[in-house]
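Below: one structure, written as structure tokens.
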Amino acid sequence: MDIGITTIMKTSLDKKINNLLVKYKIISSEKNQEITKQSLNSDLPYPEFLIQNNIVSEHALLSLLALDSNTPPIDIDKMTPEEDLVMSFDRNRLESYSMLPLARIGAIMTVAVSNPYDVVMMDEARVFFNSELRLVVSTSSKIKQKIEHIYNPGEQEMENLLDESMADDVEITKVDTGDDLSADELAKSAEDAPIVKFVNKIIYKALEEKASDIHIEPFEKMVSIRYRKDGVLHEAVSPPKKVFNAIISRIKIMTALDIAERRIPQDGKFQIKFEGRQIDFRVSTLPTIFGEKVVMRVLDSSSITLGLDVLGFEPEALDAFRRAVHSPYGMLLVTGPTGSGKSTTLYSAVKEIMSGEDNMMTVEDPVEYQLEGVGQVPIKPKRGLTFGLALRSILRQDPNKIMIGEIRDGETAGIAVKAAMTGHLVLSTLHTNDAASSISRLIDMGVDKFLVASSVILIAAQRLARKLCDKCKKPLEKLPDADKLIRIGFKPEECSAVTIYHPVGCSQCNKGYRGRFAILETLEIDDEIRRMIIKGEPVIDIKNYAIKQREMLTLRRTGVLNIARGRTSIEEVLKMTEQ
């Protein structure tokens, strides 16, 4: 054998296979040199090169590896892995390890591997799977195909639907505004064109899985469809690139957008009926270098439980928030990034203070959830109905309490502040990182410092953190060093007695997490803070005063308290908050 050739083979597994073929006289040493040279010029992995060129059968190759490594062979095509188990792990890690979890019994997991000799990788895999491993051997291509099938069933499903149409190009032939869509039609529409059925299934699946958003994004060679669940995007399906434009056209038809316009962003909405209730979808298109990206926000009013008591706030934060909500006048602001639950918190506040004695009105873009007994005004900028115009009109409607969906500009901020100073309770949202930063944000919008100090009564910063799955979470075997825990936000006396849990993953959750809860930072504006605002003192000084003198719980500290309760993980809190 030519030693020089085998030493430059692509992997150590390739060398092992090469030696086994010669050892068991499946090929001669002379033939081996020729095959090895040819394989180096191929893009295929060495085992696949051997199989596809009929040098050795898959069965024979697996038998060789099984015999030499004392690892049973397996035909993955005849296996049905536990899909929930597979999807509880990160797909990229599975593919990089070339491993496929098949089943878990107690603390032992059966895993298909393509390289049973890599001891270092096996040690990493034990930590990754948090289990002892029972190995069976298969080929990397079969493992990859099965992972692809489990994570991405849409490719085959889409191909099957296209086969039914007997055409390479699919055209939308049925115009449907979406007003009368039902869940049954979405699930079954057998008489519709394949593209219509596929889009319907995407939507129906999102509703089944309680996704908050659907992302459809084109790349150079593939199309990604992902669902946002518990604040994290998860891969769903990946249809062929050739039908991408037809999918986008179908969505635009449902949303009454311009199919021919692909150069500028567009926004629209549609409704469907699902399990006897109306579900709203807010649709946004955005041109990218490989085509239009579409994001659909799912607005299901029945999926939220309105009520301040069920949001999961700390008792101190909840008491402060309630005091502000029940104030006769002033401004209450909820701040945080998109998707942090601000609207749910405001709607919960509105529900708590609603009464037949008050005139409660809202200005929103759009109206996300309909509330009985509340006058809700949807903004329509294209028709000239802006936040500013709507607010001026609402103030002539004799309101007691006003909710503004979002303060976006100086005009809206100015009207809201003046309303709060003239006997109205105003509730609204801002986009800032923490509570104190909202003060400088309002001033930057052009609101006078004195007006900010006089009108704002409370600012609440909010995040949604993922909850650890109670079925599979496990305590860390070794706690981080006390110094690290203190840097995270633990107090010195908490470091030795705390039990910290980490995500594991099971069939009942998404990679160790199930559901979300709100963490809140509430900054009550007292006389000292008003003085600091009027003097123009830095926001950081205001925050430090609130923490030291008013014992304000920051977002980080609230997250740390929930780590100590076993409700969430260190990684989640660090991701959601800043010190």
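Chains: A, B, ... in order of the structure tokens. Residues: from 1 per chain. Ligands: from 1, in order shown.
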| said: If DSSP is run on the backbone, what residues of range 371-498 of chain A are strand (DSSP E or B)? A reply as a PyMOL selection string would be ideal. | reply: chain A and resi 375-378+380+385+401-404+425-430+456-468+474-475
| Do you know which residues are at most 12 Å from Lys351 in chain A counting only C-alpha atoms, after dropping those on the same chain fewer than 6 positions away, and could you put them as a list in words? | Thr305, Leu306, Gly307, Leu308, Asp309, Val325, His326, Thr344, Thr345, Met360, Met361, Tyr369, Gln370, Leu371, Glu372, Gly373, Val374, Lys401 and Met403 of chain A
| field | Residue contacts of Ala324 in chain A (12 Å, only C-alpha atoms) excluding same-chain residues fewer than 3 positions away, as an MDAnalysis selection string | value | chainID A and resid 317:321 327:334 349 352:353 425:427 455:460 522:526
Selection above as a file: N, CA, C and O atoms, as a short mmCIF file (atom, residue, chain, number, x, y, z; two decimals), in the first residue's frame:
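What follows is the written file out-v1.cif:
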```cif
data_model
loop_
_atom_site.label_atom_id
_atom_site.label_comp_id
_atom_site.auth_asym_id
_atom_site.auth_seq_id
_atom_site.Cartn_x
_atom_site.Cartn_y
_atom_site.Cartn_z
N ALA A 317 -42.55 44.28 42.40
CA ALA A 317 -42.80 44.92 41.11
C ALA A 317 -44.30 44.99 40.82
O ALA A 317 -44.80 46.00 40.30
N LEU A 318 -45.03 43.93 41.17
CA LEU A 318 -46.48 43.91 40.94
C LEU A 318 -47.18 44.98 41.77
O LEU A 318 -48.08 45.68 41.27
N ASP A 319 -46.75 45.15 43.03
CA ASP A 319 -47.36 46.18 43.88
C ASP A 319 -47.12 47.57 43.30
O ASP A 319 -48.04 48.41 43.27
N ALA A 320 -45.90 47.84 42.86
CA ALA A 320 -45.58 49.15 42.28
C ALA A 320 -46.39 49.38 41.00
O ALA A 320 -46.91 50.49 40.78
N PHE A 321 -46.50 48.35 40.17
CA PHE A 321 -47.24 48.47 38.92
C PHE A 321 -48.72 48.74 39.21
O PHE A 321 -49.34 49.59 38.56
N SER A 327 -53.72 54.81 39.67
CA SER A 327 -53.62 56.26 39.87
C SER A 327 -54.71 56.97 39.06
O SER A 327 -55.08 56.51 37.97
N PRO A 328 -55.22 58.08 39.54
CA PRO A 328 -56.28 58.78 38.80
C PRO A 328 -55.76 59.45 37.53
O PRO A 328 -56.52 59.65 36.57
N TYR A 329 -54.49 59.82 37.50
CA TYR A 329 -53.91 60.47 36.31
C TYR A 329 -52.41 60.26 36.31
O TYR A 329 -51.82 59.80 37.30
N GLY A 330 -51.77 60.60 35.20
CA GLY A 330 -50.33 60.39 35.04
C GLY A 330 -50.04 59.41 33.92
O GLY A 330 -50.95 58.86 33.29
N MET A 331 -48.75 59.19 33.67
CA MET A 331 -48.34 58.31 32.57
C MET A 331 -47.59 57.09 33.10
O MET A 331 -46.68 57.22 33.91
N LEU A 332 -47.99 55.92 32.62
CA LEU A 332 -47.32 54.67 32.92
C LEU A 332 -46.76 54.12 31.62
O LEU A 332 -47.49 53.95 30.64
N LEU A 333 -45.46 53.85 31.60
CA LEU A 333 -44.80 53.37 30.39
C LEU A 333 -44.28 51.95 30.61
O LEU A 333 -43.70 51.65 31.67
N VAL A 334 -44.47 51.09 29.61
CA VAL A 334 -43.88 49.75 29.60
C VAL A 334 -42.89 49.71 28.45
O VAL A 334 -43.25 50.01 27.30
N ALA A 349 -53.41 45.41 32.20
CA ALA A 349 -53.65 46.60 33.03
C ALA A 349 -54.99 47.22 32.69
O ALA A 349 -55.76 47.62 33.58
N GLU A 352 -57.80 45.29 34.16
CA GLU A 352 -57.93 45.46 35.61
C GLU A 352 -58.65 46.75 35.98
O GLU A 352 -59.37 46.79 36.99
N ILE A 353 -58.44 47.80 35.21
CA ILE A 353 -59.01 49.11 35.60
C ILE A 353 -60.28 49.46 34.85
O ILE A 353 -60.85 50.53 35.08
N LEU A 425 -55.33 59.21 32.85
CA LEU A 425 -54.35 58.15 33.04
C LEU A 425 -53.95 57.64 31.66
O LEU A 425 -54.81 57.19 30.89
N VAL A 426 -52.66 57.72 31.34
CA VAL A 426 -52.17 57.33 30.01
C VAL A 426 -51.24 56.13 30.16
O VAL A 426 -50.28 56.17 30.94
N LEU A 427 -51.51 55.07 29.41
CA LEU A 427 -50.67 53.89 29.39
C LEU A 427 -50.09 53.73 27.99
O LEU A 427 -50.83 53.85 27.00
N SER A 455 -45.26 64.36 34.63
CA SER A 455 -46.31 63.49 34.09
C SER A 455 -46.08 61.99 34.34
O SER A 455 -47.03 61.25 34.60
N VAL A 456 -44.83 61.54 34.26
CA VAL A 456 -44.56 60.10 34.36
C VAL A 456 -44.62 59.65 35.82
O VAL A 456 -43.98 60.27 36.69
N ILE A 457 -45.39 58.60 36.10
CA ILE A 457 -45.50 58.10 37.47
C ILE A 457 -44.77 56.77 37.65
O ILE A 457 -44.34 56.44 38.75
N LEU A 458 -44.62 55.98 36.58
CA LEU A 458 -43.90 54.70 36.67
C LEU A 458 -43.44 54.27 35.29
O LEU A 458 -44.16 54.45 34.30
N ILE A 459 -42.24 53.70 35.24
CA ILE A 459 -41.73 53.10 34.01
C ILE A 459 -41.35 51.65 34.32
O ILE A 459 -40.63 51.38 35.29
N ALA A 460 -41.87 50.74 33.53
CA ALA A 460 -41.61 49.31 33.73
C ALA A 460 -40.87 48.76 32.52
O ALA A 460 -41.34 48.90 31.39
N THR A 522 -39.38 47.84 37.73
CA THR A 522 -40.30 48.96 37.88
C THR A 522 -39.61 50.15 38.55
O THR A 522 -39.09 50.04 39.66
N LEU A 523 -39.60 51.26 37.85
CA LEU A 523 -39.00 52.50 38.36
C LEU A 523 -40.14 53.46 38.71
O LEU A 523 -40.78 54.05 37.83
N GLU A 524 -40.42 53.59 40.02
CA GLU A 524 -41.43 54.55 40.47
C GLU A 524 -40.80 55.93 40.56
O GLU A 524 -39.71 56.10 41.12
N ILE A 525 -41.48 56.91 40.01
CA ILE A 525 -40.94 58.27 39.98
C ILE A 525 -41.36 59.00 41.26
O ILE A 525 -42.52 59.38 41.42
N ASP A 526 -40.41 59.16 42.18
CA ASP A 526 -40.70 59.89 43.42
C ASP A 526 -40.16 61.32 43.30
O ASP A 526 -39.63 61.72 42.25
#
```
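Taking only C-alpha atoms, the non-local environment of range 95-99 of chain A within 7 Å (same-chain residues fewer than 2 positions away omitted) comprises Arg91, Asn92, Arg93, Pro101, Val111, Ala112, Val113, Ser114, Ser140, Ile143 and Lys144 of chain A.
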Restricted to all heavy atoms, what would the selected residues look like written as a PDB file, in the first residue's frame?
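Full text of result-v3.pdb as output:
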```pdb
ATOM      1  N   ARG A  91     -29.854  20.758  15.802  1.00  0.00           N
ATOM      2  CA  ARG A  91     -29.618  20.050  14.539  1.00  0.00           C
ATOM      3  C   ARG A  91     -28.176  20.168  14.072  1.00  0.00           C
ATOM      4  O   ARG A  91     -27.579  19.182  13.599  1.00  0.00           O
ATOM      5  CB  ARG A  91     -30.569  20.613  13.467  1.00  0.00           C
ATOM      6  CG  ARG A  91     -30.325  20.050  12.083  1.00  0.00           C
ATOM      7  CD  ARG A  91     -31.292  20.634  11.079  1.00  0.00           C
ATOM      8  NE  ARG A  91     -31.027  20.158   9.740  1.00  0.00           N
ATOM      9  CZ  ARG A  91     -31.788  20.449   8.698  1.00  0.00           C
ATOM     10  NH1 ARG A  91     -32.866  21.187   8.838  1.00  0.00           N
ATOM     11  NH2 ARG A  91     -31.484  19.985   7.493  1.00  0.00           N
ATOM     12  N   ASN A  92     -27.598  21.349  14.184  1.00  0.00           N
ATOM     13  CA  ASN A  92     -26.227  21.545  13.702  1.00  0.00           C
ATOM     14  C   ASN A  92     -25.235  20.670  14.459  1.00  0.00           C
ATOM     15  O   ASN A  92     -24.288  20.138  13.871  1.00  0.00           O
ATOM     16  CB  ASN A  92     -25.827  23.024  13.825  1.00  0.00           C
ATOM     17  CG  ASN A  92     -26.618  23.909  12.889  1.00  0.00           C
ATOM     18  OD1 ASN A  92     -27.017  23.466  11.811  1.00  0.00           O
ATOM     19  ND2 ASN A  92     -26.863  25.142  13.278  1.00  0.00           N
ATOM     20  N   ARG A  93     -25.460  20.523  15.777  1.00  0.00           N
ATOM     21  CA  ARG A  93     -24.571  19.666  16.559  1.00  0.00           C
ATOM     22  C   ARG A  93     -24.718  18.208  16.134  1.00  0.00           C
ATOM     23  O   ARG A  93     -23.717  17.482  16.034  1.00  0.00           O
ATOM     24  CB  ARG A  93     -24.883  19.821  18.053  1.00  0.00           C
ATOM     25  CG  ARG A  93     -24.524  21.169  18.633  1.00  0.00           C
ATOM     26  CD  ARG A  93     -23.033  21.302  18.940  1.00  0.00           C
ATOM     27  NE  ARG A  93     -22.612  20.463  20.031  1.00  0.00           N
ATOM     28  CZ  ARG A  93     -22.729  20.765  21.317  1.00  0.00           C
ATOM     29  NH1 ARG A  93     -23.305  21.915  21.672  1.00  0.00           N
ATOM     30  NH2 ARG A  93     -22.272  19.960  22.244  1.00  0.00           N
ATOM     31  N   PRO A 101     -29.853  10.345  17.620  1.00  0.00           N
ATOM     32  CA  PRO A 101     -30.467   9.651  18.761  1.00  0.00           C
ATOM     33  C   PRO A 101     -31.704   8.883  18.305  1.00  0.00           C
ATOM     34  O   PRO A 101     -32.562   9.433  17.606  1.00  0.00           O
ATOM     35  CB  PRO A 101     -30.829  10.783  19.715  1.00  0.00           C
ATOM     36  CG  PRO A 101     -30.926  11.997  18.874  1.00  0.00           C
ATOM     37  CD  PRO A 101     -29.983  11.804  17.722  1.00  0.00           C
ATOM     38  N   VAL A 111     -27.775   5.599  20.121  1.00  0.00           N
ATOM     39  CA  VAL A 111     -27.375   6.628  19.159  1.00  0.00           C
ATOM     40  C   VAL A 111     -26.697   5.972  17.965  1.00  0.00           C
ATOM     41  O   VAL A 111     -25.787   5.148  18.140  1.00  0.00           O
ATOM     42  CB  VAL A 111     -26.400   7.641  19.802  1.00  0.00           C
ATOM     43  CG1 VAL A 111     -25.969   8.695  18.793  1.00  0.00           C
ATOM     44  CG2 VAL A 111     -27.035   8.295  21.013  1.00  0.00           C
ATOM     45  N   ALA A 112     -27.149   6.331  16.755  1.00  0.00           N
ATOM     46  CA  ALA A 112     -26.478   5.873  15.534  1.00  0.00           C
ATOM     47  C   ALA A 112     -25.304   6.801  15.245  1.00  0.00           C
ATOM     48  O   ALA A 112     -25.454   8.025  15.268  1.00  0.00           O
ATOM     49  CB  ALA A 112     -27.454   5.871  14.361  1.00  0.00           C
ATOM     50  N   VAL A 113     -24.131   6.215  14.962  1.00  0.00           N
ATOM     51  CA  VAL A 113     -22.929   6.999  14.677  1.00  0.00           C
ATOM     52  C   VAL A 113     -22.298   6.492  13.389  1.00  0.00           C
ATOM     53  O   VAL A 113     -22.487   5.341  12.998  1.00  0.00           O
ATOM     54  CB  VAL A 113     -21.899   6.906  15.819  1.00  0.00           C
ATOM     55  CG1 VAL A 113     -22.477   7.437  17.112  1.00  0.00           C
ATOM     56  CG2 VAL A 113     -21.408   5.475  16.003  1.00  0.00           C
ATOM     57  N   SER A 114     -21.578   7.379  12.728  1.00  0.00           N
ATOM     58  CA  SER A 114     -20.868   6.948  11.521  1.00  0.00           C
ATOM     59  C   SER A 114     -19.405   6.646  11.810  1.00  0.00           C
ATOM     60  O   SER A 114     -18.743   5.966  11.038  1.00  0.00           O
ATOM     61  CB  SER A 114     -20.978   8.019  10.434  1.00  0.00           C
ATOM     62  OG  SER A 114     -20.354   9.221  10.857  1.00  0.00           O
ATOM     63  N   SER A 140     -22.695   8.103   7.337  1.00  0.00           N
ATOM     64  CA  SER A 140     -22.955   9.526   7.566  1.00  0.00           C
ATOM     65  C   SER A 140     -24.073  10.039   6.677  1.00  0.00           C
ATOM     66  O   SER A 140     -24.868  10.886   7.092  1.00  0.00           O
ATOM     67  CB  SER A 140     -21.674  10.339   7.353  1.00  0.00           C
ATOM     68  OG  SER A 140     -21.191  10.164   6.035  1.00  0.00           O
ATOM     69  N   ILE A 143     -27.452   8.934   8.105  1.00  0.00           N
ATOM     70  CA  ILE A 143     -27.745   9.709   9.310  1.00  0.00           C
ATOM     71  C   ILE A 143     -28.194  11.124   8.936  1.00  0.00           C
ATOM     72  O   ILE A 143     -29.181  11.646   9.446  1.00  0.00           O
ATOM     73  CB  ILE A 143     -26.517   9.755  10.240  1.00  0.00           C
ATOM     74  CG1 ILE A 143     -26.273   8.364  10.840  1.00  0.00           C
ATOM     75  CG2 ILE A 143     -26.689  10.801  11.345  1.00  0.00           C
ATOM     76  CD1 ILE A 143     -24.989   8.250  11.634  1.00  0.00           C
ATOM     77  N   LYS A 144     -27.477  11.726   7.991  1.00  0.00           N
ATOM     78  CA  LYS A 144     -27.823  13.084   7.559  1.00  0.00           C
ATOM     79  C   LYS A 144     -29.205  13.119   6.914  1.00  0.00           C
ATOM     80  O   LYS A 144     -29.997  14.035   7.154  1.00  0.00           O
ATOM     81  CB  LYS A 144     -26.765  13.603   6.587  1.00  0.00           C
ATOM     82  CG  LYS A 144     -26.986  15.060   6.185  1.00  0.00           C
ATOM     83  CD  LYS A 144     -25.845  15.552   5.296  1.00  0.00           C
ATOM     84  CE  LYS A 144     -26.059  17.019   4.921  1.00  0.00           C
ATOM     85  NZ  LYS A 144     -24.973  17.539   4.071  1.00  0.00           N
TER      86      LYS A 144
END
```
| request: Find the residues around range 128-134 of chain A up to 8 Å (only C-alpha atoms counted), leave out those fewer than 4 positions away in its own chain, and share them as a PyMOL selection string. | output: chain A and resi 89+107-111+124+504
